[in-house]
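Asks: Here it is, the structure, as structure tokens.
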Amino acid sequence: MDKSPWLSIVGLSENGADGLCSASLKALERAQIVMGAARHLALLPKVDAEKVAWPVPFSDGIEQLLSFRGQRVVMLASGDPFWFGAGTSVSRHLSRHEWVALPNVSTFAMAANAMGWPLEKTHCFGLHAAPFTRLRPVLARGARLIVLLRDGAAVAGIAQYLAEQGWGQSHISVLEALGGPRARRSNLLAGDDITQEFTHPVCVAIEVAGQGDAVPLAAGRPDALFTSDGTMTKRPVRALTLSALAPRPFQHLWDIGGGSGSIAIEWLLSDPSLSATTIEPNPERAARIVANAADLGVDRLKLVQGHAPQALEQLALPDTVFIGGGLSADLLAWLEDALPKGTRLVANAVTLESEVLLVQAQARCGGDLMRIELSSASPLGSKHGWKAGYPIVQWSVTL
């Protein structure tokens, strides 16, 4: 059986054939079918292959591409197909021996060179189909971003978002058709009234400036970042809880009793490889969790509305579990029975009844118990005194 790739994923820049390597040109010469966006097909040299325009929406084209299996096919993509490109979307439907990728210079590389920025110190985003809020965690004075946009109209949208976040003084370089004869650069400020029209393909290089509120990097981020009805793990306890959860790359968290979603959101902000599922029975709080995650640029949070442990039964098992609400003997028993050895479990208790449950769980399973007592300065007559919060008992264990 022939195991040679039937599909060549060829990266194409705006200079067309002039920018293609010999392997890409050879793949085009041998191809029976060349499939790509209309603008990509227009950049090609003369080829004998049948040209097939990629349909809209993009997902419709994947099934059509797969129907060509067994023929020699070239799929055209922008620049580097595996850097916010179409290569990832297509290759997940194929076995590894079926395809070969022939990348070109990425838009990010061309933009960094145009700006004179070190690419390794520049944040890169592909926002063709993602919201501008994805940028929120990295917006800080002096930060540099290169952002791929879906179309020219999105330039005004991203500028407006930056201005609304307090970064209206940010310098934006709009880079159109990089690497080709139509290349154009326009410089503006995010707070400008943008009436100029821009054409696809377009990206922006942003140097962040202004008085916006940057999201801190350390766990225990300000409570004001989260909209809440008061049911949330407050900042100092959240920092201690994230330390106990000890997130590691590629781990998945169950956040049981999500409240405002602050624990799961901070977990996800720790590293882009992390994922989380929040279980919350209250519909208003569930909606608030979704909104908080969106505002802070977190899109890897899955929400399950329901009561634990019933809502957990159909979920893929996690690496780590946090119980912030709904603690009960039944829930602990279910978790102890269902979770595999090595799962990290952290639970916070405020009431005497739930504290007893954690003391009993620690006696059964081991782990660490910690009593957290915090006081904050508050007015006391004409002066100030310490006001104690409710003590919290935290149990942490690796099963």
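The chains in the structure tokens are called A, B, ... from first to last as shown; in each chain the residues are counted from 1, and the ligands are counted from 1 in the order shown.
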For the interface of stretch 42-151 of chain A with stretch 17-24 of chain A (cut-off 7 Å, counting only C-alpha atoms), please tabulate each contacting residue of stretch 42-151 of chain A alongside its nearest pair of atoms and their separation in Å to one decimal, rows sorted by chain and increasing number, as a Markdown table.

Replies:
| residue | atom | partner | partner_atom | distance |
| --- | --- | --- | --- | --- |
| A:Leu44 | CA | A:Ala17 | CA | 6.0 |
| A:Pro45 | CA | A:Ala17 | CA | 6.1 |
| A:Leu102 | CA | A:Ser24 | CA | 6.3 |

Asks: Check stretch 25-163 of chain A with DSSP on the backbone and list each residue it calls alpha helix (DSSP H), as a PyMOL selection string.

Replies: chain A and resi 25-30+38-42+58-66+86-91+107-115+154-163

Asks: Tell me, as a compact mmCIF listing (two decimals) with C-alpha atoms, in the first residue's frame, which residues lie within 10 Å of A:Pro236, counting only C-alpha atoms; anything in the same chain fewer than 6 positions away does not count.

Replies:
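Saved file result15.txt follows:
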# COMPACT_ATOMS: atom_id res chain seq x y z
CA ALA A 219 -2.22 34.28 41.33
CA GLY A 220 -4.60 36.16 43.59
CA ARG A 221 -5.60 38.77 41.06
CA PRO A 222 -7.80 41.71 42.19
CA ASP A 223 -11.40 40.84 43.08
CA ILE A 372 -6.60 30.36 57.13
CA LEU A 374 -7.14 36.82 57.74

Asks: Hey, what's within 8 Å of A:Pro5 if we count only C-alpha atoms and toss same-chain stuff fewer than 2 positions away? As a PyMOL selection string, please?

Replies: chain A and resi 3+7-8+97-100

Asks: Determine, counting only C-alpha atoms, which protein, DNA and RNA residues have an atom within 12 Å of an atom of A:Ser270; residues of the same chain fewer than 6 positions away are not included. Present the result as a PyMOL selection string.

Replies: chain A and resi 137+215-221+239+242-243+245-251+263-264+276+298

Asks: Compile the contact shell of A:Gly166 as a ChimeraX atom specification: residues with an atom at most 8 Å away, counting only C-alpha atoms, same-chain residues fewer than 4 positions apart removed.

Replies: /A:162,210-213

Asks: How many Å lie between atom CA of A:Leu76 and atom CA of A:Arg150, rounded to one decimal?

Replies: 17.3 Å

Asks: When you look at stretch 202-208 of chain A with a cut-off of 6 Å (counting only C-alpha atoms), what residues show up, excluding the ones that are within fewer than 6 positions of it in the same chain? I need them as a PyMOL selection string.

Replies: chain A and resi 141-149+170-176

Asks: For those residues, write N, CA and C atoms to a file as a PDB file, in the first residue's frame.

Replies:
ATOM      1  N   ARG A 141       1.529  48.321  29.507  1.00  0.00           N
ATOM      2  CA  ARG A 141       2.384  49.340  28.878  1.00  0.00           C
ATOM      3  C   ARG A 141       3.688  48.723  28.387  1.00  0.00           C
ATOM      4  N   GLY A 142       3.995  48.993  27.129  1.00  0.00           N
ATOM      5  CA  GLY A 142       5.229  48.496  26.540  1.00  0.00           C
ATOM      6  C   GLY A 142       5.108  47.159  25.844  1.00  0.00           C
ATOM      7  N   ALA A 143       3.985  46.467  26.033  1.00  0.00           N
ATOM      8  CA  ALA A 143       3.805  45.173  25.364  1.00  0.00           C
ATOM      9  C   ALA A 143       3.695  45.373  23.856  1.00  0.00           C
ATOM     10  N   ARG A 144       4.232  44.416  23.109  1.00  0.00           N
ATOM     11  CA  ARG A 144       4.152  44.450  21.644  1.00  0.00           C
ATOM     12  C   ARG A 144       3.367  43.246  21.166  1.00  0.00           C
ATOM     13  N   LEU A 145       2.421  43.497  20.265  1.00  0.00           N
ATOM     14  CA  LEU A 145       1.544  42.455  19.769  1.00  0.00           C
ATOM     15  C   LEU A 145       1.506  42.503  18.251  1.00  0.00           C
ATOM     16  N   ILE A 146       1.488  41.335  17.622  1.00  0.00           N
ATOM     17  CA  ILE A 146       1.168  41.221  16.201  1.00  0.00           C
ATOM     18  C   ILE A 146      -0.097  40.389  16.119  1.00  0.00           C
ATOM     19  N   VAL A 147      -1.121  40.937  15.460  1.00  0.00           N
ATOM     20  CA  VAL A 147      -2.441  40.312  15.461  1.00  0.00           C
ATOM     21  C   VAL A 147      -2.941  40.158  14.033  1.00  0.00           C
ATOM     22  N   LEU A 148      -3.244  38.926  13.640  1.00  0.00           N
ATOM     23  CA  LEU A 148      -3.875  38.683  12.343  1.00  0.00           C
ATOM     24  C   LEU A 148      -5.365  38.942  12.470  1.00  0.00           C
ATOM     25  N   LEU A 149      -5.943  39.650  11.500  1.00  0.00           N
ATOM     26  CA  LEU A 149      -7.354  40.020  11.548  1.00  0.00           C
ATOM     27  C   LEU A 149      -8.118  39.401  10.382  1.00  0.00           C
ATOM     28  N   SER A 170      -2.138  53.618  22.411  1.00  0.00           N
ATOM     29  CA  SER A 170      -1.359  52.559  21.762  1.00  0.00           C
ATOM     30  C   SER A 170      -1.101  52.891  20.297  1.00  0.00           C
ATOM     31  N   HIS A 171       0.135  52.631  19.861  1.00  0.00           N
ATOM     32  CA  HIS A 171       0.498  52.837  18.457  1.00  0.00           C
ATOM     33  C   HIS A 171       0.148  51.571  17.665  1.00  0.00           C
ATOM     34  N   ILE A 172      -0.578  51.754  16.580  1.00  0.00           N
ATOM     35  CA  ILE A 172      -0.986  50.639  15.729  1.00  0.00           C
ATOM     36  C   ILE A 172      -0.425  50.859  14.327  1.00  0.00           C
ATOM     37  N   SER A 173       0.318  49.882  13.851  1.00  0.00           N
ATOM     38  CA  SER A 173       0.753  49.877  12.452  1.00  0.00           C
ATOM     39  C   SER A 173      -0.091  48.849  11.714  1.00  0.00           C
ATOM     40  N   VAL A 174      -0.850  49.320  10.743  1.00  0.00           N
ATOM     41  CA  VAL A 174      -1.702  48.442   9.941  1.00  0.00           C
ATOM     42  C   VAL A 174      -0.887  47.987   8.735  1.00  0.00           C
ATOM     43  N   LEU A 175      -0.720  46.676   8.617  1.00  0.00           N
ATOM     44  CA  LEU A 175       0.138  46.102   7.567  1.00  0.00           C
ATOM     45  C   LEU A 175      -0.729  45.285   6.618  1.00  0.00           C
ATOM     46  N   GLU A 176      -0.894  45.790   5.404  1.00  0.00           N
ATOM     47  CA  GLU A 176      -1.738  45.136   4.401  1.00  0.00           C
ATOM     48  C   GLU A 176      -0.878  44.420   3.366  1.00  0.00           C
TER      49      GLU A 176
END

Asks: Counting only C-alpha atoms, which of A:Ser273, A:Thr227, A:Ser4, A:Thr133 gets nearest to A:Ile158?

Replies: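 For A:Ile158, the nearest of the given residues is A:Thr133.
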
Asks: Could you check how far atom CA of A:Ile33 sits from atom CA of A:Gly126, in Å to one decimal?

Replies: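 That distance, rounded to one decimal, is 28.0 Å.
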
Asks: Based on the backbone DSSP call, show me all residues of stretch 160-309 of chain A assigned strand (DSSP E or B), as an NGL selection string.

Replies: :A and (171-176 or 184-189 or 202-207 or 252-256 or 275-279 or 301-304)

Asks: For the residues in the current selection, export N, CA and C atoms as a compact mmCIF listing (two decimals), in the first residue's frame.

Replies:
# COMPACT_ATOMS: atom_id res chain seq x y z
N HIS A 171 0.13 52.63 19.86
CA HIS A 171 0.50 52.84 18.46
C HIS A 171 0.15 51.57 17.67
N ILE A 172 -0.58 51.75 16.58
CA ILE A 172 -0.99 50.64 15.73
C ILE A 172 -0.43 50.86 14.33
N SER A 173 0.32 49.88 13.85
CA SER A 173 0.75 49.88 12.45
C SER A 173 -0.09 48.85 11.71
N VAL A 174 -0.85 49.32 10.74
CA VAL A 174 -1.70 48.44 9.94
C VAL A 174 -0.89 47.99 8.74
N LEU A 175 -0.72 46.68 8.62
CA LEU A 175 0.14 46.10 7.57
C LEU A 175 -0.73 45.29 6.62
N GLU A 176 -0.89 45.79 5.40
CA GLU A 176 -1.74 45.14 4.40
C GLU A 176 -0.88 44.42 3.37
N ARG A 184 1.24 47.68 2.06
CA ARG A 184 1.04 49.06 2.50
C ARG A 184 1.07 49.09 4.02
N ARG A 185 1.66 50.15 4.57
CA ARG A 185 1.70 50.35 6.02
C ARG A 185 1.07 51.68 6.39
N SER A 186 0.18 51.65 7.38
CA SER A 186 -0.47 52.86 7.87
C SER A 186 -0.27 52.91 9.38
N ASN A 187 0.10 54.08 9.91
CA ASN A 187 0.33 54.24 11.35
C ASN A 187 -0.77 55.10 11.95
N LEU A 188 -1.30 54.67 13.09
CA LEU A 188 -2.36 55.41 13.76
C LEU A 188 -2.34 55.12 15.25
N LEU A 189 -3.18 55.82 16.00
CA LEU A 189 -3.36 55.58 17.42
C LEU A 189 -4.70 54.90 17.65
N VAL A 202 -4.75 41.44 6.16
CA VAL A 202 -4.30 42.55 6.98
C VAL A 202 -3.93 42.03 8.37
N CYS A 203 -2.87 42.62 8.93
CA CYS A 203 -2.54 42.38 10.33
C CYS A 203 -2.16 43.71 10.95
N VAL A 204 -2.13 43.74 12.27
CA VAL A 204 -1.73 44.97 12.96
C VAL A 204 -0.60 44.66 13.93
N ALA A 205 0.33 45.59 14.01
CA ALA A 205 1.40 45.54 15.01
C ALA A 205 1.11 46.62 16.03
N ILE A 206 0.98 46.24 17.29
CA ILE A 206 0.52 47.14 18.34
C ILE A 206 1.59 47.30 19.40
N GLU A 207 1.91 48.54 19.73
CA GLU A 207 2.75 48.83 20.88
C GLU A 207 1.86 49.49 21.91
N HIS A 252 -6.09 19.31 33.52
CA HIS A 252 -7.49 19.72 33.45
C HIS A 252 -8.05 19.80 34.87
N LEU A 253 -8.80 20.87 35.13
CA LEU A 253 -9.36 21.13 36.45
C LEU A 253 -10.87 20.99 36.44
N TRP A 254 -11.40 20.36 37.49
CA TRP A 254 -12.83 20.48 37.82
C TRP A 254 -12.94 21.52 38.92
N ASP A 255 -13.70 22.58 38.66
CA ASP A 255 -13.99 23.61 39.66
C ASP A 255 -15.44 23.43 40.09
N ILE A 256 -15.65 22.79 41.23
CA ILE A 256 -16.99 22.42 41.67
C ILE A 256 -17.56 23.53 42.56
N SER A 275 -6.67 23.49 30.90
CA SER A 275 -8.11 23.54 30.59
C SER A 275 -8.88 23.33 31.88
N ALA A 276 -10.18 23.65 31.84
CA ALA A 276 -10.97 23.57 33.07
C ALA A 276 -12.45 23.39 32.74
N THR A 277 -13.14 22.74 33.65
CA THR A 277 -14.59 22.63 33.61
C THR A 277 -15.13 23.14 34.94
N THR A 278 -16.06 24.08 34.88
CA THR A 278 -16.69 24.61 36.08
C THR A 278 -18.09 24.03 36.20
N ILE A 279 -18.42 23.56 37.39
CA ILE A 279 -19.75 23.00 37.66
C ILE A 279 -20.46 23.96 38.60
N LEU A 301 -12.58 27.46 29.02
CA LEU A 301 -13.39 27.11 30.18
C LEU A 301 -14.72 26.52 29.73
N LYS A 302 -14.97 25.29 30.11
CA LYS A 302 -16.25 24.64 29.83
C LYS A 302 -17.13 24.76 31.05
N LEU A 303 -18.40 25.11 30.84
CA LEU A 303 -19.33 25.27 31.95
C LEU A 303 -20.36 24.16 31.92
N VAL A 304 -20.57 23.52 33.07
CA VAL A 304 -21.63 22.52 33.22
C VAL A 304 -22.57 23.03 34.30

Asks: Choose the residue, out of A:Leu369, A:Ala53, A:Ala293, A:Ala156, that has the smallest atom-to-atom separation from A:Phe226; count only C-alpha atoms.

Replies: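 With only C-alpha atoms as the atom set, the closest residue is A:Ala293.
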